[in-house]
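Enquirer: I have a structure here, written as structure tokens, and I will follow up with some questions on it.
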Amino acid sequence: MVLRNPYVRAILERAPGLSLSGWYLGAGCLFQTVWNLLSEREPAAGIKDYDLVYFDDSDLSWEAEDRAIRRCAAAFDDLGVEVEVRNQARVHLWYEDRFGVACPPYQSTEAAIDTFPATVCCLGIRRLDGAELSVYAPYGFGDLFGLVLRPNTVLAPRHVYEAKARRWSSTWPRAVVLPWPEASEETVQEAAVHGNKQPGQV
């Protein structure tokens with residue numbers, strides 16, 4: 001289904017040549033493509049950007065990440081869509097300033113995907129060396145095909161989930177928005193520190 005989005009298909013075709021370690025195309029562009037098709041919309045309708053994430057802890061400087069961003073910008077310039085490239089090994093350096101909670105350093109791209117703010121956007125897909133597509137979906141596909149927005153409280157704070165849920169549900173009105181669970185901030189922060197998922201998560 002996601003390959004029916006021409007931008008997803010093009011990024012997957014070009015990304016293997018960009019020397020990004022542990023890369024995935026993931027998050028919103030994947031579930032939103034599927035939701036578009038389930039809603040009988042054009043595959044790329046309403047998709048704000050395309051997240052290309054990778055993991056390189058050999059150089060955590062902004063300059064190194066910026067070089068990767070510029071390399072990717074040149075590779076995708078003709079597509080006419082925003083491809084947001086981020087080194088997940090650096091997220092802990094800026095996450096607290098932006099979102100108000102501390103982020104322990106990730107050990108892999110997959111570990112980062114595990115913490116995206118809704119379970120439906122915890123998705124990654126890639127193609128390595130001409131092989132079959134590889135999909136990473138730590139919470140499965142139930143919410144994806146059920147059009148369910150379920151909070152993932154492992155790391156992202158409540159206001160981040162709720163802001164995204166409002167935006168996404170306005171674009172995909174069939175979505176079922178599940179509320180943030182009633183839990184103390186201490187419980188949420190403890191889960192973030194220890195990498196534990198909250199009870200009741202899929």
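Identifiers in this document derive from the order of the structure tokens: chains are assigned A, B, ..., residues are numbered from 1 separately in each chain, and ligands are numbered from 1 in order of occurrence.
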Which segment 32-64 of chain A residues have any atom within 10 Å of an atom of segment 138-159 of chain A, and for each, what is the nearest pair of atoms with distance in Å to one decimal, counting only C-alpha atoms, rows sorted by chain and number, as CSV?

Expert:
residue,atom,partner,partner_atom,distance
A:Gln32,CA,A:Leu144,CA,9.0
A:Val34,CA,A:Leu144,CA,7.6
A:Trp35,CA,A:Leu147,CA,6.8
A:Leu38,CA,A:Phe145,CA,8.0
A:Ser39,CA,A:Leu147,CA,9.7

Enquirer: For the residues in that selection, give me C-alpha atoms as a PDB file, in the first residue's frame.

Expert:
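Result file follows (part21.pdb):
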ATOM      1  CA  GLN A  32      -1.041   8.520   6.499  1.00  0.00           C
ATOM      2  CA  VAL A  34      -2.425   3.832   4.319  1.00  0.00           C
ATOM      3  CA  TRP A  35      -5.155   5.955   5.901  1.00  0.00           C
ATOM      4  CA  LEU A  38      -8.506   3.348   3.334  1.00  0.00           C
ATOM      5  CA  SER A  39     -10.379   6.679   3.068  1.00  0.00           C
TER       6      SER A  39
END

Enquirer: Apply DSSP to the backbone of this structure and, from segment 49-166 of chain A, keep only the residues in strand (DSSP E); write these as a list in words.

Expert: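 Of segment 49-166 of chain A, the ones in strand (DSSP E) are Tyr50, Asp51, Leu52, Val53, Tyr54, Val83, Glu84, Val85, Arg86, Asn87, Gly124, Ile125, Arg126, Arg127, Leu133, Ser134, Val135, Tyr136, Val148 and Leu149 of chain A.
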
Enquirer: Let me see the file: selected residues, N, CA and C atoms, as a short mmCIF file (atom, residue, chain, number, x, y, z; two decimals), in the first residue's frame.

Expert:
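Final output, saved to result_13.cif:
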data_model
loop_
_atom_site.label_atom_id
_atom_site.label_comp_id
_atom_site.auth_asym_id
_atom_site.auth_seq_id
_atom_site.Cartn_x
_atom_site.Cartn_y
_atom_site.Cartn_z
N TYR A 50 8.09 13.86 5.00
CA TYR A 50 8.53 12.46 4.92
C TYR A 50 9.77 12.32 5.81
N ASP A 51 9.64 11.52 6.87
CA ASP A 51 10.72 11.41 7.86
C ASP A 51 11.69 10.31 7.48
N LEU A 52 12.94 10.70 7.23
CA LEU A 52 14.01 9.75 6.95
C LEU A 52 14.95 9.79 8.15
N VAL A 53 14.93 8.73 8.93
CA VAL A 53 15.72 8.70 10.17
C VAL A 53 16.87 7.70 10.01
N TYR A 54 17.95 8.01 10.70
CA TYR A 54 19.12 7.12 10.66
C TYR A 54 19.82 7.18 12.00
N VAL A 83 11.51 16.32 2.83
CA VAL A 83 12.06 15.10 3.42
C VAL A 83 12.89 15.53 4.63
N GLU A 84 12.41 15.20 5.82
CA GLU A 84 13.08 15.62 7.05
C GLU A 84 14.04 14.52 7.48
N VAL A 85 15.31 14.84 7.50
CA VAL A 85 16.36 13.87 7.81
C VAL A 85 16.89 14.15 9.21
N ARG A 86 16.90 13.12 10.08
CA ARG A 86 17.36 13.31 11.45
C ARG A 86 18.17 12.11 11.93
N ASN A 87 19.32 12.42 12.55
CA ASN A 87 20.16 11.40 13.17
C ASN A 87 19.61 11.10 14.56
N GLY A 124 8.59 1.83 10.52
CA GLY A 124 9.73 2.14 9.67
C GLY A 124 9.82 1.15 8.54
N ILE A 125 10.28 1.61 7.39
CA ILE A 125 10.40 0.72 6.23
C ILE A 125 11.67 1.10 5.48
N ARG A 126 12.35 0.11 4.94
CA ARG A 126 13.56 0.37 4.16
C ARG A 126 13.81 -0.77 3.19
N ARG A 127 14.68 -0.49 2.24
CA ARG A 127 15.12 -1.51 1.29
C ARG A 127 16.64 -1.45 1.23
N LEU A 133 11.56 -5.34 0.82
CA LEU A 133 11.31 -4.31 1.82
C LEU A 133 11.36 -4.91 3.22
N SER A 134 11.99 -4.17 4.13
CA SER A 134 12.05 -4.57 5.52
C SER A 134 11.20 -3.60 6.32
N VAL A 135 10.29 -4.13 7.14
CA VAL A 135 9.36 -3.30 7.90
C VAL A 135 9.61 -3.49 9.39
N TYR A 136 9.68 -2.38 10.12
CA TYR A 136 9.78 -2.43 11.57
C TYR A 136 8.50 -1.84 12.14
N VAL A 148 -6.79 3.98 14.26
CA VAL A 148 -6.80 4.30 15.68
C VAL A 148 -5.58 5.12 16.05
N LEU A 149 -5.80 6.23 16.74
CA LEU A 149 -4.72 7.01 17.32
C LEU A 149 -4.64 6.67 18.81
#

Enquirer: What does the distance between atom CA of Ala112 of chain A and atom CA of Ser19 of chain A come to in Å, to one decimal place?

Expert: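 A separation of 19.2 Å between them.
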
Enquirer: Enumerate as a PyMOL selection string all residues of segment 58-183 of chain A assigned to alpha helix (DSSP H) by DSSP on the backbone, naming them with the chain letters and numbers the document uses.

Expert: chain A and resi 62-76+91-99+109-113+142-146+158-171

Enquirer: So that I can check the surroundings of Asp56 of chain A, please list as a list in words every protein, DNA and RNA residue that reaches within 10 Å of it, counting only C-alpha atoms and ignoring chain neighbours fewer than 5 positions away.

Expert: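 Residues near the query, excluding close chain neighbours: Leu20, Ser21, Gly22, Trp23, Ala64, Glu65, Asn87, Gln88, Ala89, Arg90, Gln107, Ser108 and Thr109 of chain A.
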
Enquirer: Could you tell me how far atom CA of Ser61 of chain A sits from atom CA of Ile11 of chain A, in Å to one decimal place?

Expert: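 Here the two named atoms are 25.1 Å from each other.
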